[in-house]
$ cat protein_27.txt   # compact mmCIF, C-alpha atoms and all ligand atoms
# COMPACT_ATOMS: atom_id res chain seq x y z
CA MET A 1 181.60 172.37 -93.61
CA ASN A 2 179.54 169.32 -94.61
CA ALA A 3 181.63 167.02 -92.41
CA TYR A 4 181.27 169.48 -89.52
CA GLN A 5 177.47 169.60 -89.96
CA ASN A 6 177.35 165.77 -90.14
CA THR A 7 179.19 165.55 -86.82
CA ILE A 8 176.80 168.01 -85.15
CA VAL A 9 173.80 165.96 -86.33
CA GLU A 10 175.36 162.64 -85.27
CA ASN A 11 176.27 163.94 -81.81
CA LYS A 12 172.82 165.41 -81.20
CA LEU A 13 171.09 162.20 -82.33
CA LYS A 14 173.39 160.11 -80.16
CA ALA A 15 172.52 162.20 -77.08
CA LEU A 16 168.78 162.15 -77.82
CA HIS A 17 168.64 158.39 -78.47
CA LYS A 18 170.54 157.88 -75.19
CA ASP A 19 168.13 160.08 -73.25
CA SER A 20 165.16 158.28 -74.84
CA GLU A 21 166.36 155.02 -73.30
CA LYS A 22 164.85 156.30 -70.02
CA ASP A 23 161.37 156.41 -71.63
CA HIS A 24 160.23 153.32 -69.69
CA LEU A 25 160.50 155.32 -66.43
CA ARG A 26 158.59 158.29 -67.88
CA ILE A 27 155.88 156.09 -69.39
CA GLY A 28 155.55 154.21 -66.10
CA ARG A 29 154.77 157.44 -64.27
CA GLY A 30 152.16 158.35 -66.90
CA ILE A 31 150.46 154.99 -66.55
CA VAL A 32 150.29 155.30 -62.75
CA LYS A 33 148.64 158.73 -63.10
CA SER A 34 146.08 157.41 -65.56
CA ILE A 35 145.04 154.40 -63.53
CA PHE A 36 141.42 155.59 -63.25
CA ARG A 37 140.94 156.67 -66.88
CA PRO A 38 142.07 155.66 -70.39
CA LEU A 39 145.60 156.69 -71.42
CA GLN A 40 145.80 160.05 -73.19
CA PRO A 41 148.55 161.83 -75.17
CA ILE A 42 149.32 164.02 -72.12
CA ASP A 43 150.35 160.86 -70.19
CA PHE A 44 153.27 160.61 -72.64
CA LYS A 45 154.23 164.29 -72.41
CA ASN A 46 157.70 163.42 -71.11
CA ALA A 47 158.31 160.39 -73.32
CA TYR A 48 160.13 160.42 -76.64
CA LEU A 49 158.60 157.18 -78.08
CA PRO A 50 161.12 157.56 -80.92
CA ILE A 51 161.92 155.63 -84.06
CA THR A 52 165.09 153.55 -83.87
CA LYS A 53 168.41 154.64 -85.31
CA SER A 54 168.07 152.13 -88.16
CA GLN A 55 164.57 153.40 -88.98
CA GLY A 56 165.92 156.97 -89.01
CA GLN A 57 168.74 156.01 -91.35
CA PHE A 58 166.26 154.19 -93.60
CA LEU A 59 163.97 157.26 -93.77
CA LYS A 60 166.93 159.49 -94.58
CA LYS A 61 168.13 157.15 -97.34
CA LEU A 62 164.63 156.93 -98.87
CA ILE A 63 164.27 160.71 -98.98
CA ILE A 64 167.70 161.27 -100.52
CA GLU A 65 167.45 158.44 -103.07
CA ASN A 66 164.02 159.62 -104.22
CA ASP A 67 164.97 163.31 -104.10
CA CYS A 68 161.96 164.13 -101.88
CA LYS A 69 161.64 167.81 -101.09
CA SER A 70 158.23 168.31 -99.53
CA ILE A 71 158.22 166.22 -96.35
CA ILE A 72 155.39 166.01 -93.81
CA GLU A 73 155.69 164.43 -90.37
CA PHE A 74 152.77 163.52 -88.10
CA GLY A 75 154.09 163.28 -84.49
CA THR A 76 157.24 165.32 -83.74
CA SER A 77 157.63 164.40 -80.06
CA PHE A 78 161.10 165.69 -79.06
CA GLY A 79 162.33 165.74 -82.63
CA ILE A 80 164.46 162.62 -83.06
CA SER A 81 162.75 161.56 -86.30
CA THR A 82 162.48 165.21 -87.37
CA ILE A 83 166.28 165.47 -87.24
CA TYR A 84 166.67 162.45 -89.56
CA LEU A 85 164.09 163.90 -91.96
CA ALA A 86 165.64 167.38 -91.83
CA ASP A 87 169.13 166.01 -92.39
CA ALA A 88 167.81 164.37 -95.56
CA ALA A 89 165.99 167.60 -96.56
CA ARG A 90 169.29 169.46 -96.19
CA GLN A 91 170.70 167.18 -98.85
CA THR A 92 167.75 167.34 -101.27
CA GLY A 93 167.13 171.07 -100.82
CA GLY A 94 163.76 170.24 -99.27
CA LYS A 95 161.78 171.17 -96.15
CA VAL A 96 160.04 169.28 -93.35
CA ILE A 97 156.70 170.34 -91.91
CA SER A 98 156.23 168.49 -88.63
CA THR A 99 153.26 168.56 -86.26
CA GLU A 100 153.07 168.07 -82.49
CA LEU A 101 150.00 168.22 -80.27
CA ILE A 102 151.76 168.99 -76.98
CA GLU A 103 153.18 172.51 -76.90
CA ASP A 104 156.09 171.84 -74.51
CA LYS A 105 157.23 168.90 -76.62
CA ALA A 106 157.11 171.03 -79.77
CA HIS A 107 159.26 173.74 -78.11
CA THR A 108 161.84 171.19 -76.97
CA ALA A 109 161.85 169.61 -80.44
CA PHE A 110 162.49 173.06 -81.94
CA GLN A 111 165.53 173.49 -79.67
CA ASN A 112 166.80 170.00 -80.49
CA VAL A 113 166.49 170.59 -84.24
CA ARG A 114 168.22 173.96 -83.80
CA ASP A 115 171.05 172.34 -81.78
CA ALA A 116 171.48 169.90 -84.68
CA GLY A 117 171.98 172.88 -87.01
CA LEU A 118 168.91 171.99 -89.07
CA ILE A 119 166.32 174.60 -88.11
CA ASP A 120 166.37 176.14 -91.61
CA TYR A 121 164.89 172.90 -92.96
CA VAL A 122 162.04 172.50 -90.46
CA GLU A 123 158.74 174.10 -89.53
CA ILE A 124 157.00 172.69 -86.46
CA LYS A 125 153.26 173.27 -86.26
CA ILE A 126 151.77 173.09 -82.76
CA GLY A 127 148.35 171.52 -82.28
CA ASP A 128 146.20 168.72 -83.62
CA ALA A 129 147.56 167.65 -87.01
CA MET A 130 143.99 167.31 -88.30
CA LYS A 131 143.76 171.09 -87.90
CA THR A 132 147.35 172.24 -88.46
CA LEU A 133 147.61 170.34 -91.77
CA GLN A 134 144.03 170.97 -92.86
CA SER A 135 144.93 173.80 -95.23
CA HIS A 136 148.08 172.12 -96.56
CA ASN A 137 147.62 172.43 -100.30
CA GLU A 138 151.03 171.67 -101.76
CA ALA A 139 152.18 168.41 -103.33
CA ILE A 140 153.65 165.98 -100.79
CA ASP A 141 156.73 163.93 -101.72
CA PHE A 142 157.14 162.10 -98.41
CA LEU A 143 154.68 161.51 -95.55
CA PHE A 144 155.82 160.04 -92.24
CA LEU A 145 153.03 158.86 -89.93
CA ASP A 146 154.02 158.47 -86.26
CA GLY A 147 151.34 160.16 -84.14
CA TRP A 148 148.33 158.56 -82.46
CA LYS A 149 147.20 155.57 -84.45
CA ASP A 150 143.46 156.32 -84.64
CA LEU A 151 144.29 159.39 -86.71
CA TYR A 152 146.39 157.63 -89.37
CA LEU A 153 143.41 156.93 -91.63
CA PRO A 154 141.59 160.31 -91.34
CA LEU A 155 144.85 162.24 -91.65
CA PHE A 156 145.95 160.17 -94.64
CA GLN A 157 142.57 160.71 -96.33
CA MET A 158 142.74 164.44 -95.61
CA LEU A 159 146.19 164.68 -97.26
CA GLU A 160 145.54 162.23 -100.11
CA PRO A 161 144.59 164.98 -102.62
CA GLN A 162 148.14 166.33 -102.25
CA PHE A 163 149.83 163.04 -103.17
CA ARG A 164 151.45 162.82 -106.59
CA GLU A 165 152.62 159.78 -108.51
CA GLY A 166 155.58 158.42 -106.53
CA THR A 167 154.71 159.99 -103.17
CA LEU A 168 156.21 157.83 -100.44
CA ILE A 169 154.31 157.13 -97.22
CA TYR A 170 156.15 155.53 -94.29
CA SER A 171 153.74 154.47 -91.53
CA ASP A 172 155.26 153.35 -88.24
CA ASN A 173 153.70 150.97 -85.71
CA MET A 174 151.58 149.14 -88.28
CA ASP A 175 151.78 146.04 -86.08
CA MET A 176 149.55 147.76 -83.46
CA GLN A 177 145.84 147.06 -83.13
CA GLY A 178 145.00 150.76 -83.57
CA THR A 179 146.31 150.81 -87.14
CA LYS A 180 144.34 147.82 -88.47
CA GLN A 181 141.69 149.89 -90.25
CA PHE A 182 144.38 151.98 -91.93
CA ALA A 183 146.33 148.84 -92.93
CA ASP A 184 143.16 147.40 -94.53
CA TYR A 185 142.55 150.69 -96.36
CA LEU A 186 146.04 150.66 -97.88
CA LEU A 187 146.11 146.95 -98.69
CA ASN A 188 142.68 147.13 -100.37
CA ARG A 189 143.81 149.89 -102.74
CA LYS A 190 146.32 147.98 -104.83
CA SER A 191 145.57 150.07 -107.90
CA SER A 192 146.44 153.30 -106.03
CA TYR A 193 149.26 152.23 -103.69
CA LYS A 194 152.07 149.73 -103.77
CA THR A 195 152.62 148.75 -100.13
CA GLN A 196 155.49 146.78 -98.62
CA ILE A 197 155.93 145.70 -95.02
CA VAL A 198 159.31 146.93 -93.76
CA ASP A 199 161.40 147.10 -90.59
CA GLY A 200 160.61 143.55 -89.53
CA GLY A 201 156.83 143.99 -89.78
CA LYS A 202 156.76 147.16 -87.71
CA ALA A 203 156.10 149.60 -90.55
CA PHE A 204 154.53 149.98 -94.01
CA LEU A 205 156.16 151.72 -96.92
CA SER A 206 153.63 152.74 -99.56
CA THR A 207 154.16 154.39 -102.92
CA THR A 208 151.42 156.24 -104.80
CA LEU A 209 150.99 154.64 -108.25
C1 LIG B 1 155.38 158.14 -81.21
S1 LIG B 1 155.55 159.81 -80.79
C2 LIG B 1 156.47 160.48 -82.13
C3 LIG B 1 157.93 160.10 -82.09
C4 LIG B 1 158.78 160.84 -83.09
N1 LIG B 1 158.23 160.71 -84.43
C5 LIG B 1 160.19 160.32 -83.08
O1 LIG B 1 160.44 159.27 -83.71
O2 LIG B 1 161.04 160.95 -82.43
C6 LIG B 1 153.94 160.41 -81.15
C7 LIG B 1 153.76 161.90 -80.94
O3 LIG B 1 152.58 162.30 -81.65
C8 LIG B 1 151.97 163.34 -80.94
N2 LIG B 1 150.56 163.42 -81.34
C9 LIG B 1 149.55 162.60 -80.98
N3 LIG B 1 148.39 162.98 -81.53
C10 LIG B 1 148.66 164.08 -82.28
C11 LIG B 1 147.87 164.96 -83.07
N4 LIG B 1 146.55 164.77 -83.20
N5 LIG B 1 148.48 165.97 -83.71
C12 LIG B 1 149.82 166.18 -83.59
N6 LIG B 1 150.63 165.39 -82.82
C13 LIG B 1 150.06 164.36 -82.17
C14 LIG B 1 152.14 162.91 -79.49
O4 LIG B 1 151.97 164.00 -78.60
C15 LIG B 1 153.54 162.31 -79.49
O5 LIG B 1 154.50 163.26 -79.09

$ encode --input "protein_27.txt" --output "structure tokens"
Amino acid sequence: MNAYQNTIVENKLKALHKDSEKDHLRIGRGIVKSIFRPLQPIDFKNAYLPITKSQGQFLKKLIIENDCKSIIEFGTSFGISTIYLADAARQTGGKVISTELIEDKAHTAFQNVRDAGLIDYVEIKIGDAMKTLQSHNEAIDFLFLDGWKDLYLPLFQMLEPQFREGTLIYSDNMDMQGTKQFADYLLNRKSSYKTQIVDGGKAFLSTTL
């Protein structure tokens, strides 16, 4: 049964990663449309913008090794990362709450997670994470940040009261300009967080002290 479930997850991830390779075409169309105004999330409504397979495997390993049960994801997109997180939650007896701003993306992610046989481990909240997670009042074991970068810091600060000692925070795209303020916040709080740069400088892994 376990081997069968593993195969379903692997096959679904393989297909989704393959489809995501066409993102450059989808993003190109979005950029053309937005030529007269700044880029907005809707310009990426057809793009996965996913984590890599090795990042996904790293997230899964972290969750299992640290027995994380309460997992929060900011930025579901079409659910590639959600499947890695949910596959880990299946093994720890945990649950993923993921959030996606664009309704169509959230519905497709739901179907993808269901196809992977993991829907029992996932709740997808539709809307702005600053609102959908506002009333989250349970301890967080693992936080994965992968939505729009200007919200990393306010979202993190909003959820900080729910961190416990040992909460893990994996923040993707920390090499982007938009995350600089958040990076400074984390790096200046050495007495609250131990932060390492991982995935070749692309991401931060922080632990609440
Ligand atoms: C980089 S993609 C996420 C990729 C996904 N984590 C994966 O690896 O498969 C970022 C996603 O965050 C969503 N997003 C942006 N701002 C958001 C917000 N305020 N609340 C919820 N989702 C948001 C975007 O619509 C987009 O689908």

$ closest_atom_pairs --input "protein_27.txt" --of "chain A" --to "ligand LIG 1 (chain B)" --cutoff "8 Å" --atoms "all atoms listed in the file" --output "tab-separated table"
residue	atom	partner	partner_atom	distance
A:Pro41	CA	B:LIG1	O4	5.3
A:Ile42	CA	B:LIG1	O4	7.0
A:Phe44	CA	B:LIG1	O4	7.0
A:Lys45	CA	B:LIG1	O4	6.6
A:Ala47	CA	B:LIG1	O5	7.5
A:Tyr48	CA	B:LIG1	O2	5.9
A:Leu49	CA	B:LIG1	C1	4.6
A:Pro50	CA	B:LIG1	O1	3.3
A:Ile51	CA	B:LIG1	O1	3.9
A:Thr52	CA	B:LIG1	O1	7.4
A:Gly56	CA	B:LIG1	O1	8.0
A:Glu73	CA	B:LIG1	N1	7.5
A:Phe74	CA	B:LIG1	N6	6.0
A:Gly75	CA	B:LIG1	O3	3.4
A:Thr76	CA	B:LIG1	N1	4.8
A:Ser77	CA	B:LIG1	O5	3.5
A:Phe78	CA	B:LIG1	O2	5.8
A:Gly79	CA	B:LIG1	O2	5.0
A:Ile80	CA	B:LIG1	O2	3.9
A:Ser81	CA	B:LIG1	O1	4.2
A:Thr82	CA	B:LIG1	O2	6.7
A:Thr99	CA	B:LIG1	C12	5.0
A:Glu100	CA	B:LIG1	N6	3.6
A:Leu101	CA	B:LIG1	N6	3.9
A:Ile102	CA	B:LIG1	O4	5.3
A:Lys105	CA	B:LIG1	O5	6.7
A:Ile126	CA	B:LIG1	C12	7.2
A:Gly127	CA	B:LIG1	C12	5.7
A:Asp128	CA	B:LIG1	N5	3.6
A:Ala129	CA	B:LIG1	N5	3.8
A:Met130	CA	B:LIG1	N4	6.2
A:Thr132	CA	B:LIG1	N5	7.9
A:Leu145	CA	B:LIG1	N1	7.8
A:Asp146	CA	B:LIG1	N1	5.1
A:Gly147	CA	B:LIG1	O3	3.5
A:Trp148	CA	B:LIG1	C9	4.5
A:Leu151	CA	B:LIG1	N4	6.8

$ closest_atom_pairs --input "protein_27.txt" --of "stretch 135-177 of chain A" --to "stretch 86-98 of chain A" --cutoff "10 Å" --atoms "all atoms listed in the file" --output "tab-separated table"
residue	atom	partner	partner_atom	distance
A:His136	CA	A:Ile97	CA	10.0
A:Asp141	CA	A:Gly94	CA	9.8
A:Phe142	CA	A:Val96	CA	9.3
A:Leu143	CA	A:Val96	CA	9.7
A:Phe144	CA	A:Ser98	CA	9.2

$ closest_atom_pairs --input "protein_27.txt" --of "stretch 133-169 of chain A" --to "stretch 187-194 of chain A" --cutoff "10 Å" --atoms "all atoms listed in the file" --output "JSON lines"
{"residue": "A:Glu165", "atom": "CA", "partner": "A:Ser192", "partner_atom": "CA", "distance": 9.3}
{"residue": "A:Gly166", "atom": "CA", "partner": "A:Tyr193", "partner_atom": "CA", "distance": 9.3}
{"residue": "A:Thr167", "atom": "CA", "partner": "A:Tyr193", "partner_atom": "CA", "distance": 9.5}
{"residue": "A:Leu168", "atom": "CA", "partner": "A:Tyr193", "partner_atom": "CA", "distance": 9.5}
{"residue": "A:Ile169", "atom": "CA", "partner": "A:Tyr193", "partner_atom": "CA", "distance": 9.6}

$ write_last_selection --input "protein_27.txt" --atoms "C-alpha atoms" --output "compact mmCIF listing (two decimals), in the frame of the given file"
# COMPACT_ATOMS: atom_id res chain seq x y z
CA GLU A 165 152.62 159.78 -108.51
CA GLY A 166 155.58 158.42 -106.53
CA THR A 167 154.71 159.99 -103.17
CA LEU A 168 156.21 157.83 -100.44
CA ILE A 169 154.31 157.13 -97.22

$ atom_distance --input "protein_27.txt" --atom1 "atom CA of A:Leu13" --atom2 "atom CA of A:Ile83"
7.6 Å

$ closest_residue --input "protein_27.txt" --among "A:Asp115, A:Glu10, A:Lys202, A:Leu85" --to "A:Lys60" --atoms "only C-alpha atoms"
A:Leu85

$ closest_residue --input "protein_27.txt" --among "A:Gln177, A:Ile71, A:Ala183, A:Gly201" --to "A:Phe163" --atoms "all atoms listed in the file"
A:Ile71

$ atom_distance --input "protein_27.txt" --atom1 "atom CA of A:Gln57" --atom2 "atom CA of A:Tyr84"
7.0 Å

$ residues_around --input "protein_27.txt" --residues "A:Gln196" --least-positions-apart "4" --cutoff "8 Å" --atoms "all atoms listed in the file" --output "compact mmCIF listing (two decimals) with C-alpha atoms, in the coordinates of the input"
# COMPACT_ATOMS: atom_id res chain seq x y z
CA PHE A 204 154.53 149.98 -94.01
CA LEU A 205 156.16 151.72 -96.92
CA SER A 206 153.63 152.74 -99.56

$ atom_distance --input "protein_27.txt" --atom1 "atom CA of A:Leu186" --atom2 "atom CA of A:Tyr152"
11.0 Å

$ closest_residue --input "protein_27.txt" --among "A:Ala3, A:Leu209, A:Ile124, A:Asp199" --to "A:Ser54" --atoms "only C-alpha atoms"
A:Asp199

$ axis_aligned_box --input "protein_27.txt" --around "stretch 95-99 of chain A" --padding-each-side "5 Å" --output "lines of an AutoDock Vina configuration file"
center_x = 157.5
center_y = 169.8
center_z = -91.2
size_x = 18.5
size_y = 12.7
size_z = 19.9

$ residues_around --input "protein_27.txt" --residues "A:Leu153" --least-positions-apart "4" --cutoff "8 Å" --atoms "all atoms listed in the file" --output "list in words"
Gln157, Gln181, Phe182 and Tyr185 of chain A

$ decode --input "protein_27.txt" --residues "stretch 78-96 of chain A" --atoms "N, CA and C atoms" --output "CSV table (one decimal), in the first residue's frame"
chain,number,residue,atom,x,y,z
A,78,PHE,N,0.2,25.6,-8.4
A,78,PHE,CA,-0.5,24.4,-8.9
A,78,PHE,C,-0.2,23.2,-8.0
A,79,GLY,N,0.4,23.4,-6.9
A,79,GLY,CA,0.5,22.4,-5.9
A,79,GLY,C,1.7,21.5,-5.9
A,80,ILE,N,2.8,21.8,-6.7
A,80,ILE,CA,3.9,21.0,-6.7
A,80,ILE,C,4.6,20.9,-5.3
A,81,SER,N,4.9,22.0,-4.7
A,81,SER,CA,5.5,22.0,-3.4
A,81,SER,C,4.5,21.4,-2.4
A,82,THR,N,3.2,21.7,-2.5
A,82,THR,CA,2.2,21.2,-1.6
A,82,THR,C,2.2,19.6,-1.6
A,83,ILE,N,2.5,19.0,-2.7
A,83,ILE,CA,2.5,17.6,-2.8
A,83,ILE,C,3.7,17.1,-2.0
A,84,TYR,N,4.9,17.7,-2.1
A,84,TYR,CA,6.1,17.3,-1.3
A,84,TYR,C,5.7,17.4,0.2
A,85,LEU,N,5.1,18.6,0.6
A,85,LEU,CA,4.8,18.8,2.0
A,85,LEU,C,3.8,17.8,2.5
A,86,ALA,N,2.8,17.5,1.7
A,86,ALA,CA,1.7,16.6,2.1
A,86,ALA,C,2.2,15.2,2.2
A,87,ASP,N,3.2,14.8,1.3
A,87,ASP,CA,3.7,13.5,1.3
A,87,ASP,C,4.5,13.3,2.6
A,88,ALA,N,5.2,14.4,3.1
A,88,ALA,CA,5.9,14.3,4.4
A,88,ALA,C,4.8,14.2,5.5
A,89,ALA,N,3.8,15.0,5.4
A,89,ALA,CA,2.7,15.0,6.4
A,89,ALA,C,2.1,13.7,6.6
A,90,ARG,N,1.9,13.0,5.5
A,90,ARG,CA,1.4,11.6,5.5
A,90,ARG,C,2.2,10.7,6.4
A,91,GLN,N,3.6,11.0,6.4
A,91,GLN,CA,4.5,10.1,7.1
A,91,GLN,C,4.6,10.6,8.6
A,92,THR,N,4.3,11.8,8.9
A,92,THR,CA,4.4,12.3,10.3
A,92,THR,C,3.0,12.3,11.0
A,93,GLY,N,2.0,12.0,10.2
A,93,GLY,CA,0.6,12.1,10.8
A,93,GLY,C,0.2,13.6,10.9
A,94,GLY,N,0.8,14.4,10.0
A,94,GLY,CA,0.5,15.9,10.1
A,94,GLY,C,-0.5,16.4,9.1
A,95,LYS,N,-0.5,17.7,8.9
A,95,LYS,CA,-1.5,18.3,8.0
A,95,LYS,C,-0.9,19.6,7.4
A,96,VAL,N,-1.1,19.8,6.2
A,96,VAL,CA,-0.6,21.1,5.5
A,96,VAL,C,-1.8,22.0,5.3
